[in-house]
Structure formats: structure tokens, C-alpha cells
Amino acid sequence: MHHLTEEEKSKDFTCFESRLIDQNINTNSVNRVVLLEQAVYNWLCTADASSTSNFITLIEGLKPIRSRQPGVNSTIVRRRSIIGTTTTFELLSASLFILDEGVKTEKVVLFSPYIGGEADGMTHIGILMWGMVNDVEASLYKTLISNTEFMRNKIRLDDRFPEVKDPDSILKLGRDVSVV
């Protein structure tokens, strides 16, 4: 994963409904969902209040400005990579400062925007948190995610997802993944 230049960092990386083409979407018909990989979930369950707060602020900063809590700034994306061959999506990373055994440590959170389709009249959109790693491990995780997604998407599924502004930026969840 390459580091973004200052100009690239200023791009709008907001997620959730801002990735959909129809900007007049009824937010009452949208479920904003954050899916956590097991290791991220385990960390979140054991993290101290300060680290948890920083994690929530990172997620809040990925929402469009009109949907954010007051006073929360946009999350700054440090790295970006495109995963996949026929079906592609963005893998983004942002910094997160946590307390690790009393020492303030910088971790890199790897995530992707996704659309989980529509069920019961609700469109499920959000982000998938792949992992929290040290900066030097980010490219290794990118390779692992890329290989896993290649295996999962060898059979192309029919497209039943809402239209997006940039199709190469959204992870389309397959039938083997469900949002509850």
C-alpha cells in the first residue's frame, strides 16, 4: 500500500451514504453499519476508554459532514490501495493512537467502504474494519486481503447493489456474507 501525497489526502474519503450516486437518499431507509474483523472486535472489547473513544472518533470522521457528531473532523486517510481484478474495491488506512500497556502507540486501521444490498426496504452501507496493525505490516495485510477476496470472488455473482459514484471504491458483499 502506498502512502498518499498531501494532495491525495485532501480527497473526500467519506463513507456510508456519501458513496451512493443518489445524494437525495432518505437516511431513514439506510442502515449505517460497521463490520469488525474478529481481532478488531476482540481489541475493542478489551481496550481502555481513551482508545475506544479514538476508534469511535475515527469511524465518526468517515461519515458525511451532515451526519457527523458536532466537532468531529474528517478522518485522514494515509494509504489507499485497489484490491481485486474483475471485482475491485478500495482498501484504505488511517492512523489510530491507542494506549498499549500504558504507552501511546500508533496503529494503522485498515478498512473498506461497502454496500451490503437492500433488505426489508433498508440499504445496508458502511465500512468493513479489516484490522489494526503496525504501519510496517499494512502491506502484508493488503496482500492477505487481496488473496482472500480473489478466492471468494472467483465466481462472479449477479449485481444487485445500489449504484455508486465510483464502482472501484466499494466492496460488494457476496452471498456468503450477511449483514444482521
# chains A, B, ... in the order shown; residues from 1 in each chain; ligands from 1
>>> residues_around(residues="segment 4-17 of chain A", least_positions_apart="4", cutoff="8 Å", atoms="only C-alpha atoms", output="ChimeraX atom specification")
/A:23,25,27,30,32,61-64,74,76-80,113-114,125-127
>>> closest_residue(among="A:His124, A:His2, A:Thr57, A:Asn31", to="Lys142 of chain A", atoms="only C-alpha atoms")
A:His2
>>> closest_residue(among="A:Arg66, A:Gly121, A:Leu20, A:Met129", to="Leu44 of chain A", atoms="only C-alpha atoms")
A:Met129
>>> residues_around(residues="segment 90-93 of chain A", least_positions_apart="5", cutoff="10 Å", atoms="only C-alpha atoms", output="number ranges by chain")
A: 1, 3, 13, 75-84, 107-114, 128-133, 135, 138, 142, 145-146, 167-171
>>> write_last_selection(atoms="C-alpha atoms", output="PDB file, in the first residue's frame")
ATOM      1  CA  MET A   1       0.000   0.000   0.000  1.00  0.00           C
ATOM      2  CA  HIS A   3       1.358   6.410   1.193  1.00  0.00           C
ATOM      3  CA  PHE A  13     -12.862   9.662   1.632  1.00  0.00           C
ATOM      4  CA  THR A  75     -10.655  11.084   9.248  1.00  0.00           C
ATOM      5  CA  ILE A  76      -7.401  11.499   7.341  1.00  0.00           C
ATOM      6  CA  VAL A  77      -6.659   8.524   5.112  1.00  0.00           C
ATOM      7  CA  ARG A  78      -2.924   7.803   4.912  1.00  0.00           C
ATOM      8  CA  ARG A  79      -2.810   4.906   2.464  1.00  0.00           C
ATOM      9  CA  ARG A  80      -5.008   3.610  -0.334  1.00  0.00           C
ATOM     10  CA  SER A  81      -4.930   0.527  -2.488  1.00  0.00           C
ATOM     11  CA  ILE A  82      -7.279  -1.071  -5.006  1.00  0.00           C
ATOM     12  CA  ILE A  83      -7.984  -4.749  -4.345  1.00  0.00           C
ATOM     13  CA  GLY A  84      -9.277  -7.273  -6.878  1.00  0.00           C
ATOM     14  CA  LYS A 107      -1.659   1.759  14.836  1.00  0.00           C
ATOM     15  CA  VAL A 108      -2.988   1.675  11.299  1.00  0.00           C
ATOM     16  CA  VAL A 109      -6.644   0.751  10.851  1.00  0.00           C
ATOM     17  CA  LEU A 110      -7.401  -0.947   7.533  1.00  0.00           C
ATOM     18  CA  PHE A 111     -10.962  -0.556   6.255  1.00  0.00           C
ATOM     19  CA  SER A 112     -13.117  -0.625   3.123  1.00  0.00           C
ATOM     20  CA  PRO A 113     -16.415   1.059   2.285  1.00  0.00           C
ATOM     21  CA  TYR A 114     -19.114  -1.429   1.329  1.00  0.00           C
ATOM     22  CA  LEU A 128     -15.567  -3.119   7.000  1.00  0.00           C
ATOM     23  CA  MET A 129     -12.717  -2.901   9.512  1.00  0.00           C
ATOM     24  CA  TRP A 130     -10.153  -5.437   8.323  1.00  0.00           C
ATOM     25  CA  GLY A 131      -7.549  -4.983  11.034  1.00  0.00           C
ATOM     26  CA  MET A 132      -5.415  -2.832  13.293  1.00  0.00           C
ATOM     27  CA  VAL A 133      -1.737  -3.283  12.574  1.00  0.00           C
ATOM     28  CA  ASP A 135       2.421   0.649   9.862  1.00  0.00           C
ATOM     29  CA  ALA A 138      -0.082  -2.755   6.355  1.00  0.00           C
ATOM     30  CA  LYS A 142      -3.227  -5.832   1.937  1.00  0.00           C
ATOM     31  CA  ILE A 145      -6.934  -9.438   1.958  1.00  0.00           C
ATOM     32  CA  SER A 146      -6.304  -9.364  -1.795  1.00  0.00           C
ATOM     33  CA  PRO A 167     -17.659   1.425  -8.581  1.00  0.00           C
ATOM     34  CA  ASP A 168     -13.991   0.718  -7.936  1.00  0.00           C
ATOM     35  CA  SER A 169     -14.233   2.131  -4.426  1.00  0.00           C
ATOM     36  CA  ILE A 170     -16.906  -0.115  -2.948  1.00  0.00           C
ATOM     37  CA  LEU A 171     -16.655  -3.653  -1.634  1.00  0.00           C
TER      38      LEU A 171
END
>>> select_by_dssp(residues="segment 5-125 of chain A", states="alpha helix (DSSP H)", output="ChimeraX atom specification")
/A:6-9,38-46,49-60
>>> write_last_selection(atoms="N, CA and C atoms", output="PDB file, in the first residue's frame")
ATOM      1  N   GLU A   6       0.087  14.681   0.050  1.00  0.00           N
ATOM      2  CA  GLU A   6      -0.771  15.660   0.741  1.00  0.00           C
ATOM      3  C   GLU A   6      -1.988  16.015  -0.111  1.00  0.00           C
ATOM      4  N   GLU A   7      -1.787  16.109  -1.422  1.00  0.00           N
ATOM      5  CA  GLU A   7      -2.896  16.417  -2.323  1.00  0.00           C
ATOM      6  C   GLU A   7      -3.920  15.270  -2.331  1.00  0.00           C
ATOM      7  N   GLU A   8      -3.438  14.036  -2.368  1.00  0.00           N
ATOM      8  CA  GLU A   8      -4.338  12.877  -2.359  1.00  0.00           C
ATOM      9  C   GLU A   8      -5.077  12.752  -1.026  1.00  0.00           C
ATOM     10  N   LYS A   9      -4.426  13.128   0.071  1.00  0.00           N
ATOM     11  CA  LYS A   9      -5.061  13.046   1.395  1.00  0.00           C
ATOM     12  C   LYS A   9      -6.250  13.988   1.513  1.00  0.00           C
ATOM     13  N   GLN A  38     -12.706 -10.178  13.507  1.00  0.00           N
ATOM     14  CA  GLN A  38     -12.682 -10.741  14.857  1.00  0.00           C
ATOM     15  C   GLN A  38     -11.590 -10.128  15.741  1.00  0.00           C
ATOM     16  N   ALA A  39     -10.400  -9.929  15.209  1.00  0.00           N
ATOM     17  CA  ALA A  39      -9.308  -9.364  16.009  1.00  0.00           C
ATOM     18  C   ALA A  39      -9.615  -7.921  16.420  1.00  0.00           C
ATOM     19  N   VAL A  40     -10.246  -7.156  15.542  1.00  0.00           N
ATOM     20  CA  VAL A  40     -10.622  -5.776  15.869  1.00  0.00           C
ATOM     21  C   VAL A  40     -11.692  -5.786  16.956  1.00  0.00           C
ATOM     22  N   TYR A  41     -12.663  -6.681  16.819  1.00  0.00           N
ATOM     23  CA  TYR A  41     -13.716  -6.804  17.831  1.00  0.00           C
ATOM     24  C   TYR A  41     -13.116  -7.187  19.195  1.00  0.00           C
ATOM     25  N   ASN A  42     -12.212  -8.154  19.199  1.00  0.00           N
ATOM     26  CA  ASN A  42     -11.577  -8.570  20.459  1.00  0.00           C
ATOM     27  C   ASN A  42     -10.808  -7.413  21.095  1.00  0.00           C
ATOM     28  N   TRP A  43     -10.079  -6.651  20.261  1.00  0.00           N
ATOM     29  CA  TRP A  43      -9.347  -5.498  20.790  1.00  0.00           C
ATOM     30  C   TRP A  43     -10.317  -4.488  21.386  1.00  0.00           C
ATOM     31  N   LEU A  44     -11.405  -4.219  20.672  1.00  0.00           N
ATOM     32  CA  LEU A  44     -12.381  -3.234  21.117  1.00  0.00           C
ATOM     33  C   LEU A  44     -13.004  -3.627  22.462  1.00  0.00           C
ATOM     34  N   CYS A  45     -13.210  -4.918  22.662  1.00  0.00           N
ATOM     35  CA  CYS A  45     -13.796  -5.396  23.926  1.00  0.00           C
ATOM     36  C   CYS A  45     -12.852  -5.208  25.111  1.00  0.00           C
ATOM     37  N   THR A  46     -11.547  -5.173  24.852  1.00  0.00           N
ATOM     38  CA  THR A  46     -10.574  -5.073  25.945  1.00  0.00           C
ATOM     39  C   THR A  46      -9.861  -3.723  26.008  1.00  0.00           C
ATOM     40  N   ALA A  49     -10.824   3.163  27.772  1.00  0.00           N
ATOM     41  CA  ALA A  49     -11.813   4.162  27.338  1.00  0.00           C
ATOM     42  C   ALA A  49     -11.228   5.151  26.334  1.00  0.00           C
ATOM     43  N   SER A  50      -9.987   5.566  26.518  1.00  0.00           N
ATOM     44  CA  SER A  50      -9.358   6.531  25.615  1.00  0.00           C
ATOM     45  C   SER A  50      -9.185   5.951  24.214  1.00  0.00           C
ATOM     46  N   SER A  51      -8.708   4.719  24.123  1.00  0.00           N
ATOM     47  CA  SER A  51      -8.509   4.068  22.824  1.00  0.00           C
ATOM     48  C   SER A  51      -9.844   3.820  22.130  1.00  0.00           C
ATOM     49  N   THR A  52     -10.852   3.395  22.894  1.00  0.00           N
ATOM     50  CA  THR A  52     -12.182   3.180  22.332  1.00  0.00           C
ATOM     51  C   THR A  52     -12.750   4.482  21.792  1.00  0.00           C
ATOM     52  N   SER A  53     -12.565   5.564  22.538  1.00  0.00           N
ATOM     53  CA  SER A  53     -13.041   6.875  22.102  1.00  0.00           C
ATOM     54  C   SER A  53     -12.363   7.300  20.805  1.00  0.00           C
ATOM     55  N   ASN A  54     -11.051   7.082  20.692  1.00  0.00           N
ATOM     56  CA  ASN A  54     -10.322   7.413  19.465  1.00  0.00           C
ATOM     57  C   ASN A  54     -10.828   6.589  18.283  1.00  0.00           C
ATOM     58  N   PHE A  55     -11.153   5.316  18.530  1.00  0.00           N
ATOM     59  CA  PHE A  55     -11.678   4.437  17.490  1.00  0.00           C
ATOM     60  C   PHE A  55     -13.041   4.930  17.009  1.00  0.00           C
ATOM     61  N   ILE A  56     -13.895   5.310  17.935  1.00  0.00           N
ATOM     62  CA  ILE A  56     -15.228   5.820  17.583  1.00  0.00           C
ATOM     63  C   ILE A  56     -15.110   7.135  16.820  1.00  0.00           C
ATOM     64  N   THR A  57     -14.184   7.993  17.215  1.00  0.00           N
ATOM     65  CA  THR A  57     -13.965   9.253  16.507  1.00  0.00           C
ATOM     66  C   THR A  57     -13.487   8.999  15.080  1.00  0.00           C
ATOM     67  N   LEU A  58     -12.629   7.989  14.889  1.00  0.00           N
ATOM     68  CA  LEU A  58     -12.171   7.630  13.552  1.00  0.00           C
ATOM     69  C   LEU A  58     -13.360   7.231  12.680  1.00  0.00           C
ATOM     70  N   ILE A  59     -14.254   6.406  13.209  1.00  0.00           N
ATOM     71  CA  ILE A  59     -15.434   5.986  12.457  1.00  0.00           C
ATOM     72  C   ILE A  59     -16.356   7.176  12.193  1.00  0.00           C
ATOM     73  N   GLU A  60     -16.565   7.993  13.206  1.00  0.00           N
ATOM     74  CA  GLU A  60     -17.430   9.172  13.065  1.00  0.00           C
ATOM     75  C   GLU A  60     -16.879  10.107  11.984  1.00  0.00           C
TER      76      GLU A  60
END
>>> select_by_dssp(residues="segment 33-110 of chain A", states="strand (DSSP E or B)", output="PyMOL selection string")
chain A and resi 33-36+77-83+89-100+103-110
>>> atom_distance(atom1="atom CA of Pro70 of chain A", atom2="atom CA of Ala47 of chain A")
24.3 Å
>>> atom_distance(atom1="atom CA of Asp100 of chain A", atom2="atom CA of Leu144 of chain A")
24.9 Å
